[in-house]
Every structure is written in structure tokens, then in C-alpha cells.
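Input: a single structure, listed below in C-alpha cells.
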Amino acid sequence: METAVKYPDVKKYINRQLEVNVEQKIDVFSTIDGEIISHVPLSGFATLDKAVEAAKAAFPAWSNTTIKERVQIFYRYRTLLAKYREELTELVHIENGKTHGEAAAEVDKSIELTEFACSLPQMIPGEIMEVSKGVECRTERLPLGVVASITPFNFPIMVPNWTTPNAITLGNCLILKPSEQVPLSANRIAELLKEAGLPEGVLNVVNGAQEMVEAICDHPGIEAVSFVGSTKVAKIVYKRATSNLKRCLALGGAKNHLLVLPDAHLEMTASDIAASMSGCAGQRCMAASAMVGVGKIDHIVERLCEEVKQIVPGENLGSVISKKAKERIERYISEAEAAGAKVLVDGRNTTVKGHEGGFYVGPTVIDFVKPDMAIAKEEVFGPVLSIMRTENVDQAIQIENNSSYGNAAAVFTQSGGLARYVMDKVSAGLIGVNIGVPVPREPFAFGGWNESKFGVGDITGKTSIDFWTQVKKTTTKWNPEARINWMS
Ligand code: NAD
């Protein structure tokens, strides 16, 4: 029996139907007040198998439509995202803890991602050429079949929209597995696509955690797996899916370094870095986590702290995902302090009036962090900025290069030459010059380097087309008078 909570228990979505789950369930929390808002099943292979069967049954008809027809559904879906923007914003706010502004931005970004998918017909016409007299070569992009997308907690609407519109528009049938910590938004996406006219079985949503992810990597009916989450799990998924001969693209965690030079524009740098380290409560794979100050930057640190002190938990700072996450983040701060770092702004033991049960960590700035401290090397995933000091730009680049991650890096300076030098030397996939969160907008692709991504290509933009399709190469000869030559 379902207990009385804000949202009904999460159901799997197969063949355009929400179905009751009978599996073991876990609680879903509102991170803003710590209350249980729903329950989500921990499903496994049996549920997945049903979803794969539904997707397989849908694939022949779906892949047999033209892309011009398929994209019409996403034009309508785009309109529905805009129509239900407020409702979706509230849902993300409640299940993830983002501020309303951040949650609305996620919906807006999802609209932009869908617009990219709507442009796919313009981007994938094949090639054709008469390669020798009477002989033509032609290429066309075809879908893979049943594919899967596994997503993390930190963007419940946006990350599923990195994959869902592109994979489906390109003719695949998709199994979406959202994070068990934020399972509500994915079903809403499925409902909107149903309203937009997506046929039965083309999108199926399954729930669960480790067991479900392993089942996806193992299921023989799934051709490709995309994953977004921590590096630890990205490695597991990449190894397991590819050892089962599936195509895999697995995006992992991040430790992003912002290199700040003394000539950086004071106000812009301070406000950009404050926004980058605290936006989405620091739970962005693009968040500023480490600032590396080169030379005399005390004036910038001072101004940055003034900016950070304007950030108020519960107002312009959301909650973190769980009690466990709050404890982990606060432990990193305390350990750094004990090891000799100086806490300039302290976000530990934060509570928000009226939301005392919420999982809030206040914005935190820690100076004189050493590169060998855990807080300098590991992904903290909270509104915490560690400042390291170096004497010259090469030492700063060295610190960035020593990181095992490589999602984003940025430089703040007014010198074009120094900016170029840093751009060339840092080892990351997404580079910012005077930008704290260098997320490219569509049609530019998103994806990191090193242990922030495993697999070829990026998850959005043009190379995502390669991931979700295979190319058929056809050579044709109709005229018998074109005699056999060395290539035909
Ligand atoms: P996570 O790795 O814990 O979970 C991601 C997915 O994997 C979830 O669906 C979860 O159910 C599943 N999972 C968790 N543990 C598993 C296990 N042991 N075996 C198999 N599957 C498992 O990540 P998260 O905490 O949900 O999300 C935060 C992480 O995601 C951060 O590290 C962040 O940097 C990263 N992230 C990266 C990007 C990127 O573009 N590189 C984007 C968003 C988030």
C-alpha cells in the first residue's frame, strides 16, 4: 500500500503506461526540508527485460518513419516543455533542491537541447557521388536499435534531455534510467513525450540503482549505453558495457580549476567565481572547485569573499542532495582546516529557517589549501571553493595538469597572450576565458577529457550523431554497359 506522501510512488513507464512496481522501494526525499516525498523501486533485470521487449517491438515501425516525421514530435515536445515550464521548475526544485531560478534554467536548457534535435534533419543528409562511370557510392545514417541512457541526480531534467531527443529523433528506441535520488522528473518527460505523440515503446523509463545499471550493461538487447555520473561508476559502466560489446560513452566527475592572474578584471572575476562555485549548490560537473591564484591576488580574494557573503542559503543557494552529502562536504572543510588551510567563509552547520530539516551547506571559501590535501584533489560536489597560491602561471598550470579529471578549466586575465598560453596548456575538454562555467550552448558539444569522460565523441552536439547512429555505405551500378573495373 502506498503511504501518503506528496507524490505517488514512482512507477515504471513501459509502452506509454505507468505501471505499479512490486519491487523493494526506497524513499525519495525533498532535499529542501528532508521530508519523504515519494518512493522509488529498486528494479532489476526482469523489469528491464520488459522495457527492452517493448522497445524492440516498437523499433521496426519507429525506425521506418522518416526523420522529418520523427522530428515533428520533438517540435511539439519543445512547446510542451515551455508550456509546463513552471510545473517542471517546481518539480526540480523539490526533488533536487535547486533554487527556482536554477531549476527554470534547466528547463530552458532542455528546450535548447530539443531545438538542436529538431535541427537534426538538416544535419544528417547522407552523401552521394559518382565514384567511377556509372557507379555511385552513397552513405546514410541509421539508428542502432534499443539504446539506454543512465543519468545522475544533479540535473533531473537537463541530462535526460542531453540524450533523449537526439537518440529518439535519430530513430532509436530508448530506455531511460534516472537517478534513484531524483526519479520524478524522468516520468514527467515520458508523459510530455506521450502528449506530444511519441508511439508506444519508443521511450521506456526504468528505475533502480546499481542492480539496474548492471542489468543495462549486460542486457543483450541493448546496443549502446550512455552514462553520466561519477568517475567511479563511469569506469564500471564503460568497462562492463564495452566488455559486453556495446557502444558506450560514459561521462564522469570533475575537479575544475580556475586560474586567476593578478590583472584579472576585479568585479567580473569575483562575481563569476562566486556564481560558479555556488550555483546549483556546487553540484555541477562544471562548478569552480579549485581557484589557483597566481602572484598577488589578495585584492581578488577579498572581493570574492564579499560576493560570497551575499549568497544566502534558502534564497539564492539551494540545498545539497542528501544528509550524507552534507556530512561529506563538511568533513572535507574540517579536514582542510585541521591540515592548516584557512576558512575565510564558513558554510558548515547551516540551517534555513522554516526548512530546518533541509540539507543545506552555506557557501565556503578556504584559502591556503595545499595541492596534496584531499579537498584539492577530490570532487567535493558542494558550494566550496579551495584557493591555492602559486608564484607563476606555469606552477598553476602544473596543478591543473596533475588532476586526474579534465572536465573544465578557466583562466581570468586581461592579457590575451596569457589567456592563450593557459588555453593551450591546460588539460580539460571545456575551457573558459573569463567565464566561470564554460558550458557551450547548442550546437557546440559538451564533454570533458581524462577521467571526466570515457569513450569517443561528446554527449551533445554533432558527435552525438555518430554515437546514436551507424553509417550504411552503399555502392550502386545500374547500367550494364559500365563494365567491371578495379573497384566494382
Ligand atoms: P553516481 O555515479 O552516483 O550515479 C549516476 C548513476 O549511476 C545513477 O543513475 C545511479 O543510480 C547509478 N549508480 C550509482 N552507483 C552505482 C554503482 N555502484 N554501480 C552502478 N550504477 C550506479 O552520480 P551522481 O551522484 O548521481 O551524480 C553526481 C556525479 O555526476 C558527479 O560526480 C558529477 O561530476 C557527475 N556529473 C558529470 C557530468 C559530466 O558531464 N561529466 C554531468 C553531470 C554530473
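Following the order of the C-alpha cells, chains are lettered A, B, ..., residues in each are numbered from 1, and ligands are numbered from 1.
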Selection as a VMD selection string: residues within 8 Å of ligand 1 by only C-alpha atoms and all ligand atoms: chain A and resid 150 to 155 159 177 to 181 208 to 214 227 to 234 236 to 237 251 to 255 283 to 286 379 381 407 446 to 448 452 to 453
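The protein and nucleic acid residues lying at most 8 Å from Cys118 in chain A are Val71, Gln72, Phe74, Tyr75, Thr114, Glu115, Pro121 and Thr169 of chain A, with only C-alpha atoms considered and sequence neighbours fewer than 3 positions away removed.
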Contacts of range 391-394 of chain A at 10 Å (only C-alpha atoms; same-chain gap of 5+ positions) as a PyMOL selection string: chain A and resi 259-261+292-296+399-400+418+421-422+425
Selected residue, from A:Asn21, A:Asn161, A:Thr413, A:Ser30, that lies nearest to Gly358 in chain A when counting only C-alpha atoms: A:Ser30
Residue contacts of range 344-346 of chain A (9 Å, only C-alpha atoms) excluding same-chain residues fewer than 2 positions away, as number ranges by chain: A: 305, 308-309, 333, 342, 348-349, 362-367
For the residues in that selection, give me N, CA, C and O atoms as a PDB file, in the first residue's frame.
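Saved to again_35.pdb:
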ATOM      1  N   CYS A 305      35.288  37.129  -1.443  1.00  0.00           N
ATOM      2  CA  CYS A 305      34.629  36.816  -0.168  1.00  0.00           C
ATOM      3  C   CYS A 305      33.433  37.739   0.066  1.00  0.00           C
ATOM      4  O   CYS A 305      32.394  37.295   0.568  1.00  0.00           O
ATOM      5  N   VAL A 308      30.712  36.305  -2.002  1.00  0.00           N
ATOM      6  CA  VAL A 308      30.227  35.028  -1.473  1.00  0.00           C
ATOM      7  C   VAL A 308      29.329  35.259  -0.254  1.00  0.00           C
ATOM      8  O   VAL A 308      28.341  34.543  -0.049  1.00  0.00           O
ATOM      9  N   LYS A 309      29.645  36.273   0.516  1.00  0.00           N
ATOM     10  CA  LYS A 309      28.837  36.553   1.721  1.00  0.00           C
ATOM     11  C   LYS A 309      27.428  37.034   1.356  1.00  0.00           C
ATOM     12  O   LYS A 309      26.543  37.074   2.210  1.00  0.00           O
ATOM     13  N   ILE A 333      35.787  20.206   4.542  1.00  0.00           N
ATOM     14  CA  ILE A 333      36.157  21.537   5.047  1.00  0.00           C
ATOM     15  C   ILE A 333      36.939  21.395   6.361  1.00  0.00           C
ATOM     16  O   ILE A 333      38.011  21.992   6.534  1.00  0.00           O
ATOM     17  N   LYS A 342      42.973  27.940   5.645  1.00  0.00           N
ATOM     18  CA  LYS A 342      42.258  28.980   6.400  1.00  0.00           C
ATOM     19  C   LYS A 342      40.837  29.145   5.836  1.00  0.00           C
ATOM     20  O   LYS A 342      40.676  29.469   4.652  1.00  0.00           O
ATOM     21  N   ARG A 348      29.630  25.656   7.166  1.00  0.00           N
ATOM     22  CA  ARG A 348      29.254  24.479   7.959  1.00  0.00           C
ATOM     23  C   ARG A 348      28.107  24.810   8.918  1.00  0.00           C
ATOM     24  O   ARG A 348      27.923  25.961   9.301  1.00  0.00           O
ATOM     25  N   ASN A 349      27.372  23.797   9.309  1.00  0.00           N
ATOM     26  CA  ASN A 349      26.279  23.919  10.299  1.00  0.00           C
ATOM     27  C   ASN A 349      25.233  24.959   9.893  1.00  0.00           C
ATOM     28  O   ASN A 349      24.724  25.704  10.735  1.00  0.00           O
ATOM     29  N   GLY A 362      26.290  26.144   3.592  1.00  0.00           N
ATOM     30  CA  GLY A 362      26.491  27.531   3.173  1.00  0.00           C
ATOM     31  C   GLY A 362      27.715  27.644   2.270  1.00  0.00           C
ATOM     32  O   GLY A 362      28.568  26.751   2.243  1.00  0.00           O
ATOM     33  N   PRO A 363      27.809  28.752   1.526  1.00  0.00           N
ATOM     34  CA  PRO A 363      28.965  28.928   0.652  1.00  0.00           C
ATOM     35  C   PRO A 363      30.244  29.023   1.485  1.00  0.00           C
ATOM     36  O   PRO A 363      30.242  29.663   2.545  1.00  0.00           O
ATOM     37  N   THR A 364      31.278  28.379   0.992  1.00  0.00           N
ATOM     38  CA  THR A 364      32.515  28.275   1.781  1.00  0.00           C
ATOM     39  C   THR A 364      33.728  28.605   0.918  1.00  0.00           C
ATOM     40  O   THR A 364      33.840  28.105  -0.212  1.00  0.00           O
ATOM     41  N   VAL A 365      34.616  29.445   1.465  1.00  0.00           N
ATOM     42  CA  VAL A 365      35.864  29.750   0.762  1.00  0.00           C
ATOM     43  C   VAL A 365      37.019  29.401   1.701  1.00  0.00           C
ATOM     44  O   VAL A 365      37.047  29.844   2.858  1.00  0.00           O
ATOM     45  N   ILE A 366      37.946  28.616   1.192  1.00  0.00           N
ATOM     46  CA  ILE A 366      39.083  28.183   2.015  1.00  0.00           C
ATOM     47  C   ILE A 366      40.373  28.595   1.309  1.00  0.00           C
ATOM     48  O   ILE A 366      40.602  28.219   0.144  1.00  0.00           O
ATOM     49  N   ASP A 367      41.193  29.352   1.996  1.00  0.00           N
ATOM     50  CA  ASP A 367      42.440  29.838   1.387  1.00  0.00           C
ATOM     51  C   ASP A 367      43.633  28.992   1.870  1.00  0.00           C
ATOM     52  O   ASP A 367      43.523  28.245   2.841  1.00  0.00           O
TER      53      ASP A 367
END
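Taking CA of Lys25 in chain A and CA of Val205 in chain A as the two end points, the separation is 15.9 Å.
With only C-alpha atoms as the atoms that count, the residue of A:Phe116, A:Ala410, A:Leu198, A:Arg247 with the shortest distance to Val456 in chain A is A:Arg247.
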Ser386 in chain A environment, 8 Å, only C-alpha atoms, sequence neighbours closer than 5 positions dropped, as a list in words: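 Those residues are Ser289, Ala290, Met291, Val365, Ile366, Asp367, Phe368, Val369, Ile375 and Ala376 of chain A.
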Take the residues just selected and output them with N, CA and C atoms as a short mmCIF file (atom, residue, chain, number, x, y, z; two decimals), in the first residue's frame.
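Contents of the output file result_37.cif:
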data_model
loop_
_atom_site.label_atom_id
_atom_site.label_comp_id
_atom_site.auth_asym_id
_atom_site.auth_seq_id
_atom_site.Cartn_x
_atom_site.Cartn_y
_atom_site.Cartn_z
N SER A 289 35.79 24.50 -8.43
CA SER A 289 36.06 23.80 -7.18
C SER A 289 37.39 24.26 -6.60
N ALA A 290 38.34 24.55 -7.49
CA ALA A 290 39.66 25.00 -7.04
C ALA A 290 40.02 26.27 -7.79
N MET A 291 40.43 27.28 -7.02
CA MET A 291 40.93 28.50 -7.66
C MET A 291 42.44 28.52 -7.43
N VAL A 365 34.62 29.44 1.46
CA VAL A 365 35.86 29.75 0.76
C VAL A 365 37.02 29.40 1.70
N ILE A 366 37.95 28.62 1.19
CA ILE A 366 39.08 28.18 2.01
C ILE A 366 40.37 28.60 1.31
N ASP A 367 41.19 29.35 2.00
CA ASP A 367 42.44 29.84 1.39
C ASP A 367 43.63 28.99 1.87
N PHE A 368 44.73 29.14 1.17
CA PHE A 368 45.99 28.46 1.50
C PHE A 368 45.83 26.94 1.57
N VAL A 369 45.02 26.43 0.66
CA VAL A 369 44.89 24.97 0.51
C VAL A 369 46.14 24.49 -0.22
N ILE A 375 40.92 17.87 -0.20
CA ILE A 375 39.97 18.85 -0.74
C ILE A 375 40.46 19.45 -2.06
N ALA A 376 41.78 19.41 -2.28
CA ALA A 376 42.34 19.97 -3.51
C ALA A 376 42.30 18.96 -4.65
#
Residue set, range 49-267 of chain A restricted to strand (DSSP E), as a ChimeraX atom specification: /A:128-132,135-143,146-150,173-177,203-205,224-228,247-251,256-260
Do a neighbour search on Arg85 in chain A at 10 Å with only C-alpha atoms, toss out local chain neighbours closer than 5 positions, and write the hits as a PDB file with N, CA, C and O atoms, in the first residue's frame.
ATOM      1  N   THR A  79       7.349  22.611 -27.349  1.00  0.00           N
ATOM      2  CA  THR A  79       6.254  23.506 -26.951  1.00  0.00           C
ATOM      3  C   THR A  79       5.724  23.122 -25.571  1.00  0.00           C
ATOM      4  O   THR A  79       5.407  23.983 -24.751  1.00  0.00           O
ATOM      5  N   LEU A  80       5.665  21.810 -25.300  1.00  0.00           N
ATOM      6  CA  LEU A  80       5.138  21.361 -24.001  1.00  0.00           C
ATOM      7  C   LEU A  80       6.109  21.691 -22.866  1.00  0.00           C
ATOM      8  O   LEU A  80       5.688  22.034 -21.759  1.00  0.00           O
ATOM      9  N   GLU A  90       9.158  23.643 -10.529  1.00  0.00           N
ATOM     10  CA  GLU A  90       8.799  23.305  -9.145  1.00  0.00           C
ATOM     11  C   GLU A  90       9.233  21.869  -8.811  1.00  0.00           C
ATOM     12  O   GLU A  90       9.758  21.604  -7.719  1.00  0.00           O
ATOM     13  N   LEU A  91       9.039  20.969  -9.768  1.00  0.00           N
ATOM     14  CA  LEU A  91       9.403  19.566  -9.550  1.00  0.00           C
ATOM     15  C   LEU A  91      10.914  19.437  -9.313  1.00  0.00           C
ATOM     16  O   LEU A  91      11.362  18.763  -8.377  1.00  0.00           O
ATOM     17  N   ALA A 103      16.403  25.900 -11.361  1.00  0.00           N
ATOM     18  CA  ALA A 103      15.552  24.833 -11.901  1.00  0.00           C
ATOM     19  C   ALA A 103      14.927  25.282 -13.222  1.00  0.00           C
ATOM     20  O   ALA A 103      14.859  24.505 -14.186  1.00  0.00           O
ATOM     21  N   ALA A 104      14.523  26.547 -13.290  1.00  0.00           N
ATOM     22  CA  ALA A 104      13.938  27.060 -14.538  1.00  0.00           C
ATOM     23  C   ALA A 104      14.985  27.058 -15.653  1.00  0.00           C
ATOM     24  O   ALA A 104      14.682  26.744 -16.819  1.00  0.00           O
ATOM     25  N   ALA A 105      16.235  27.357 -15.286  1.00  0.00           N
ATOM     26  CA  ALA A 105      17.312  27.358 -16.290  1.00  0.00           C
ATOM     27  C   ALA A 105      17.504  25.957 -16.872  1.00  0.00           C
ATOM     28  O   ALA A 105      17.828  25.792 -18.051  1.00  0.00           O
ATOM     29  N   GLU A 106      17.286  24.931 -16.019  1.00  0.00           N
ATOM     30  CA  GLU A 106      17.395  23.550 -16.502  1.00  0.00           C
ATOM     31  C   GLU A 106      16.332  23.251 -17.557  1.00  0.00           C
ATOM     32  O   GLU A 106      16.582  22.556 -18.541  1.00  0.00           O
ATOM     33  N   VAL A 107      15.136  23.775 -17.308  1.00  0.00           N
ATOM     34  CA  VAL A 107      14.056  23.559 -18.280  1.00  0.00           C
ATOM     35  C   VAL A 107      14.385  24.319 -19.572  1.00  0.00           C
ATOM     36  O   VAL A 107      14.225  23.791 -20.683  1.00  0.00           O
ATOM     37  N   ASP A 108      14.882  25.542 -19.422  1.00  0.00           N
ATOM     38  CA  ASP A 108      15.223  26.336 -20.612  1.00  0.00           C
ATOM     39  C   ASP A 108      16.319  25.661 -21.429  1.00  0.00           C
ATOM     40  O   ASP A 108      16.293  25.646 -22.661  1.00  0.00           O
ATOM     41  N   ILE A 111      14.914  22.916 -23.407  1.00  0.00           N
ATOM     42  CA  ILE A 111      14.259  23.426 -24.615  1.00  0.00           C
ATOM     43  C   ILE A 111      15.305  23.621 -25.706  1.00  0.00           C
ATOM     44  O   ILE A 111      15.120  23.218 -26.867  1.00  0.00           O
TER      45      ILE A 111
END
Residue nearest Tyr7 in chain A among A:Gln122, A:Ser185, A:Gln310, A:Gln24 (counting only C-alpha atoms):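 Of A:Gln122, A:Ser185, A:Gln310, A:Gln24, the one nearest Tyr7 in chain A is A:Ser185, counting only C-alpha atoms.
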Selected residue, from A:Ala215, A:Leu249, A:Ile128, A:Leu203, that lies nearest to Lys472 in chain A when counting only C-alpha atoms: A:Ile128
Polymer residues at most 7 Å from Ile37 in chain A, only C-alpha atoms, same-chain spacing of 2 or more positions, as a ChimeraX atom specification: /A:5-7,28-30,35
Residue nearest Ile124 in chain A - candidates A:Lys98, A:Lys462, A:Lys239, A:Lys56, atoms counted: only C-alpha atoms: A:Lys462
DSSP helix (DSSP H, G or I) selection over range 260-352 of chain A, as number ranges by chain: A: 266-282, 298-308, 323-338
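Proximity ranking of A:Asp218, A:Glu335, A:Glu127, A:Asp9 relative to Leu48 in chain A places A:Asp218 first, based on only C-alpha atoms.
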